[in-house]
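Participant: Input structure: input14.txt, which contains compact mmCIF, C-alpha atoms.
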```
# COMPACT_ATOMS: atom_id res chain seq x y z
CA MET A 942 0.00 0.00 0.00
CA ARG A 943 1.38 3.41 -0.97
CA HIS A 944 0.25 6.78 0.47
CA ASP A 945 0.67 10.36 -0.72
CA HIS A 946 2.12 13.20 1.39
CA GLU A 947 -1.31 13.82 3.02
CA GLY A 948 -1.76 10.17 4.04
CA ARG A 949 -4.32 9.21 1.36
CA VAL A 950 -3.98 5.78 -0.22
CA VAL A 951 -2.74 6.12 -3.81
CA GLU A 952 -1.83 2.52 -4.59
CA ILE A 953 -2.93 -0.88 -3.35
CA GLY A 954 -1.39 -4.05 -4.71
CA ALA A 955 -1.65 -7.82 -4.51
CA ARG A 956 0.72 -10.64 -5.38
CA THR A 957 -1.86 -12.75 -7.23
CA ARG A 958 -3.92 -12.37 -10.40
CA THR A 959 -7.18 -12.48 -8.47
CA ILE A 960 -8.30 -9.24 -6.88
CA PRO A 961 -8.51 -9.43 -3.07
CA PRO A 962 -11.66 -8.03 -1.38
CA ALA A 963 -10.02 -4.84 -0.07
CA LEU A 964 -8.63 -3.98 -3.51
CA ARG A 965 -11.99 -4.79 -5.10
CA ARG A 966 -13.75 -2.37 -2.72
CA ALA A 967 -11.23 0.38 -3.55
CA LEU A 968 -11.71 -0.31 -7.26
CA GLU A 969 -15.51 -0.14 -6.97
CA HIS A 970 -15.27 3.09 -4.96
CA ARG A 971 -13.05 4.67 -7.62
CA ASP A 972 -14.76 3.44 -10.82
CA GLN A 973 -18.44 3.37 -9.72
CA GLY A 974 -19.38 0.80 -12.42
CA CYS A 975 -18.28 -0.15 -15.93
CA ARG A 976 -15.85 2.41 -17.32
CA PHE A 977 -16.56 1.69 -21.02
CA PRO A 978 -17.84 4.93 -22.61
CA GLY A 979 -21.61 5.20 -22.18
CA CYS A 980 -22.13 1.99 -20.18
CA HIS A 981 -22.03 2.54 -16.38
CA GLY A 982 -23.16 -1.07 -15.79
CA ARG A 983 -23.29 -2.03 -12.11
CA PHE A 984 -22.34 -5.73 -12.39
CA THR A 985 -18.64 -5.60 -13.22
CA GLN A 986 -15.42 -7.56 -13.43
CA GLY A 987 -11.90 -6.34 -12.69
CA HIS A 988 -9.72 -5.97 -15.79
CA HIS A 989 -5.91 -5.76 -15.82
CA LEU A 990 -4.92 -2.95 -18.19
CA ARG A 991 -1.54 -4.61 -18.67
CA HIS A 992 -2.38 -8.31 -18.63
CA TRP A 993 -1.15 -10.43 -15.71
CA ALA A 994 0.45 -12.91 -18.14
CA HIS A 995 2.55 -10.05 -19.59
CA GLY A 996 3.86 -8.93 -16.22
CA GLY A 997 1.00 -6.59 -15.30
CA PRO A 998 0.61 -6.20 -11.54
CA THR A 999 -2.65 -6.51 -9.63
CA THR A 1000 -2.61 -2.90 -8.46
CA LEU A 1001 -5.26 -0.20 -8.38
CA SER A 1002 -3.48 1.75 -11.13
CA ASN A 1003 -3.41 -1.31 -13.42
CA LEU A 1004 -7.08 -2.28 -12.90
CA THR A 1005 -10.41 -0.98 -14.09
CA LEU A 1006 -13.99 -2.21 -13.90
CA LEU A 1007 -15.78 -3.47 -17.01
CA CYS A 1008 -19.16 -5.17 -17.36
CA HIS A 1009 -19.15 -8.70 -18.79
CA ARG A 1010 -20.04 -7.55 -22.31
CA HIS A 1011 -17.28 -4.91 -22.48
CA HIS A 1012 -14.72 -7.13 -20.73
CA ARG A 1013 -15.33 -9.67 -23.50
CA ALA A 1014 -15.09 -6.90 -26.13
CA VAL A 1015 -11.62 -5.95 -24.83
CA HIS A 1016 -10.33 -9.53 -24.65
CA GLU A 1017 -11.98 -11.08 -27.72
CA GLU A 1018 -13.16 -8.35 -30.11
CA GLY A 1019 -10.02 -6.21 -30.28
CA TYR A 1020 -11.09 -3.17 -28.26
CA GLN A 1021 -8.21 -1.61 -26.35
CA VAL A 1022 -8.04 0.32 -23.10
CA ALA A 1023 -5.08 2.18 -21.63
CA ARG A 1024 -4.56 4.55 -18.72
CA LEU A 1025 -3.11 7.91 -19.76
CA PRO A 1026 -0.49 9.72 -17.62
CA ASP A 1027 -3.19 11.96 -16.10
CA GLY A 1028 -5.09 8.84 -14.89
CA THR A 1029 -7.95 8.93 -17.39
CA LEU A 1030 -8.78 5.88 -19.47
CA GLN A 1031 -8.63 5.90 -23.25
CA PHE A 1032 -10.66 3.32 -25.14
CA ARG A 1033 -9.92 2.45 -28.77
CA ARG A 1034 -11.91 0.57 -31.38
CA PRO A 1035 -10.40 -2.54 -33.01
CA ASN A 1036 -9.23 -0.35 -35.93
CA GLY A 1037 -7.27 1.87 -33.49
CA HIS A 1038 -9.57 4.91 -33.61
CA PRO A 1039 -10.35 6.35 -30.17
CA LEU A 1040 -13.85 5.95 -28.75
CA PRO A 1041 -15.22 9.37 -27.79
CA GLU A 1042 -16.43 10.03 -24.28
CA VAL A 1043 -20.20 9.96 -23.98
CA PRO A 1044 -21.69 13.16 -22.56
CA PRO A 1045 -23.74 12.79 -19.38
CA SER A 1046 -27.50 12.43 -19.71
CA ALA A 1047 -29.62 15.56 -19.70
CA LYS A 1048 -30.88 16.64 -16.30
CA VAL A 1049 -34.54 15.86 -15.65
CA PRO A 1050 -36.40 18.85 -14.17
CA GLY A 1051 -37.92 18.53 -10.69
CA ASP A 1052 -41.45 18.66 -12.11
CA PRO A 1053 -41.19 17.41 -15.72
CA VAL A 1054 -44.94 17.78 -16.44
CA GLU A 1055 -44.94 21.45 -15.46
CA ALA A 1056 -41.75 22.04 -17.46
CA LEU A 1057 -43.39 20.48 -20.54
CA ARG A 1058 -46.53 22.59 -20.07
CA ALA A 1059 -44.43 25.76 -19.83
CA ARG A 1060 -42.54 24.79 -22.99
CA HIS A 1061 -45.80 24.13 -24.86
CA ASP A 1062 -47.25 27.45 -23.67
CA SER A 1063 -44.17 29.33 -24.88
CA GLN A 1064 -44.53 27.70 -28.32
CA GLY A 1065 -48.30 28.20 -28.53
CA VAL A 1066 -49.08 24.48 -28.46
CA ARG A 1067 -52.47 23.66 -26.97
CA ILE A 1068 -53.18 20.05 -25.97
CA ASP A 1069 -56.58 18.89 -24.79
CA ALA A 1070 -58.53 15.65 -24.53
CA ARG A 1071 -59.26 15.61 -28.30
CA THR A 1072 -55.68 16.29 -29.49
CA GLY A 1073 -54.87 12.65 -30.24
CA CYS A 1074 -58.23 11.85 -31.83
CA PRO A 1075 -58.20 11.40 -35.61
CA SER A 1076 -60.51 13.44 -37.83
CA TRP A 1077 -61.29 10.36 -39.92
CA LEU A 1078 -64.99 9.51 -39.95
CA GLY A 1079 -64.73 5.89 -41.10
CA GLU A 1080 -65.16 6.45 -44.83
CA GLU A 1081 -63.44 4.13 -47.31
CA LEU A 1082 -59.92 4.89 -48.45
CA ASN A 1083 -59.54 6.48 -51.88
CA VAL A 1084 -56.60 4.25 -52.92
CA GLY A 1085 -55.81 6.17 -56.13
CA TRP A 1086 -55.54 9.47 -54.27
CA ALA A 1087 -53.45 7.87 -51.47
CA ILE A 1088 -50.98 6.42 -53.98
CA ASP A 1089 -50.73 9.75 -55.80
CA VAL A 1090 -49.98 11.53 -52.53
CA LEU A 1091 -47.60 8.97 -51.05
CA HIS A 1092 -45.65 7.81 -54.10
CA PRO A 1093 -43.21 10.43 -55.45
CA LEU A 1094 -43.40 9.13 -59.03
CA ALA A 1095 -47.20 8.77 -59.18
CA GLN A 1096 -48.76 9.65 -62.53
CA GLY A 1097 -51.62 12.08 -62.89
CA ALA A 1098 -51.80 13.54 -59.41
CA ARG A 1099 -55.40 14.01 -58.37
CA PRO A 1100 -56.66 16.45 -55.75
CA CYS A 1101 -58.21 15.18 -52.54
CA PRO A 1102 -61.87 14.22 -53.00
CA LEU A 1103 -62.79 16.70 -50.25
CA GLU A 1104 -61.06 19.50 -52.17
CA GLN A 1105 -63.16 18.70 -55.26
CA GLY A 1106 -66.36 19.22 -53.33
CA SER A 1107 -67.39 15.57 -53.61
CA PRO A 1108 -69.50 14.11 -50.82
CA VAL A 1109 -67.67 12.58 -47.87
CA ALA A 1110 -69.95 9.54 -47.65
CA LEU A 1111 -68.90 6.99 -50.23
CA GLN A 1112 -71.13 4.12 -51.19
CA ARG A 1113 -69.92 0.61 -50.53
CA PRO A 1114 -70.15 -1.83 -53.44
CA SER A 1115 -72.96 -4.37 -53.10
```
In structure tokens, how does this file's structure come out?
Facilitator:
Amino acid sequence: MRHDHEGRVVEIGARTRTIPPALRRALEHRDQGCRFPGCHGRFTQGHHLRHWAHGGPTTLSNLTLLCHRHHRAVHEEGYQVARLPDGTLQFRRPNGHPLPEVPPSAKVPGDPVEALRARHDSQGVRIDARTGCPSWLGEELNVGWAIDVLHPLAQGARPCPLEQGSPVALQRPS
């Protein structure tokens, strides 16, 4: 165990590949979940940044927490992770390009319903009990008109039957 000049623990080590409980607790306190960008999974495994088989020590500075999926991605899919001199982790894709850090999620307001109402009021949006109700009255679909409207290469575009002044009620074939 190594301490800084103020007595804080800066390094904890073990002589085996497996992570002892005290080191695991320190690792969980520092990392707070999976460190892969955007993950933050809570069920994690300790990962040696420099592999134990290649002489990497089981120390706090050589370990990080990864969830099972991202631990497998680092070992089997070619993703890379390294600790930079300032202590931050840098993740790289299998092609060597760095993975960008994911920004934190947007803050949810204390009263999200009231915040949404205020936003709608500022934009002039009025929502009532009939807002989600369709204006369709159950009449049959004019397939020719629908194709003309929806298909960009439709031939002979026809105006909507309502625009032509035709009656809304269409007769069903017998």
Participant: What's around region 978-982 of chain A at 12 Å? Count all atoms listed in the file, leave out sequence neighbours fewer than 3 positions away in its own chain, and write the answer as a ChimeraX atom specification.
Facilitator: /A:969,972-975,985-986,1006-1012,1020,1022,1029-1034,1039-1046
Participant: Give me, please, the distance in Å between CA of Pro1026 (chain A) and CA of Ala994 (chain A), quoted to one decimal.
Facilitator: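 CA of Ala994 (chain A) lies at a distance of 22.7 Å from CA of Pro1026 (chain A).
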Participant: Quote the spacing between CA of Pro1075 (chain A) and CA of His1092 (chain A) in Å to one decimal place.
Facilitator: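 Computing the Euclidean distance for CA of Pro1075 (chain A) and CA of His1092 (chain A) yields 22.6 Å.
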Participant: For a cutoff of 9 Å around the file-coordinate point (-2.4, 4.6, -12.0), which residues qualify once you count all atoms listed in the file? I'd like the result as a ChimeraX atom specification.
Facilitator: /A:951-952,1000-1004,1024-1029
Participant: So the first atom is CA of Ala1014 (chain A) and the second is CA of Ala963 (chain A); what is the distance between them in Å, to one decimal place?
Facilitator: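 We find that CA of Ala1014 (chain A) and CA of Ala963 (chain A) lie 26.6 Å from each other.
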Participant: Extending 5 Å beyond the listed atoms of region 974-988 of chain A on each side, what axis-aligned box results? I want centre and edge lengths in Å to one decimal, as AutoDock Vina command-line options.
Facilitator:
```
--center_x -16.5 --center_y -1.2 --center_z -17.4 --size_x 23.6 --size_y 22.8 --size_z 20.5
```
Participant: Rank nothing, just name the residue among A:Val1015, A:Ala1087, A:Ala1059, A:Ala1070 nearest to His989 (chain A), using all atoms listed in the file.
Facilitator: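 So, comparing all the options, the nearest one is A:Val1015.
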Participant: Skip Thr959 (chain A) itself and residues of its chain fewer than 6 positions away, then list as a PyMOL selection string all residues within 10 Å of it, counting all atoms listed in the file.
Facilitator: chain A and resi 965+987+993+999
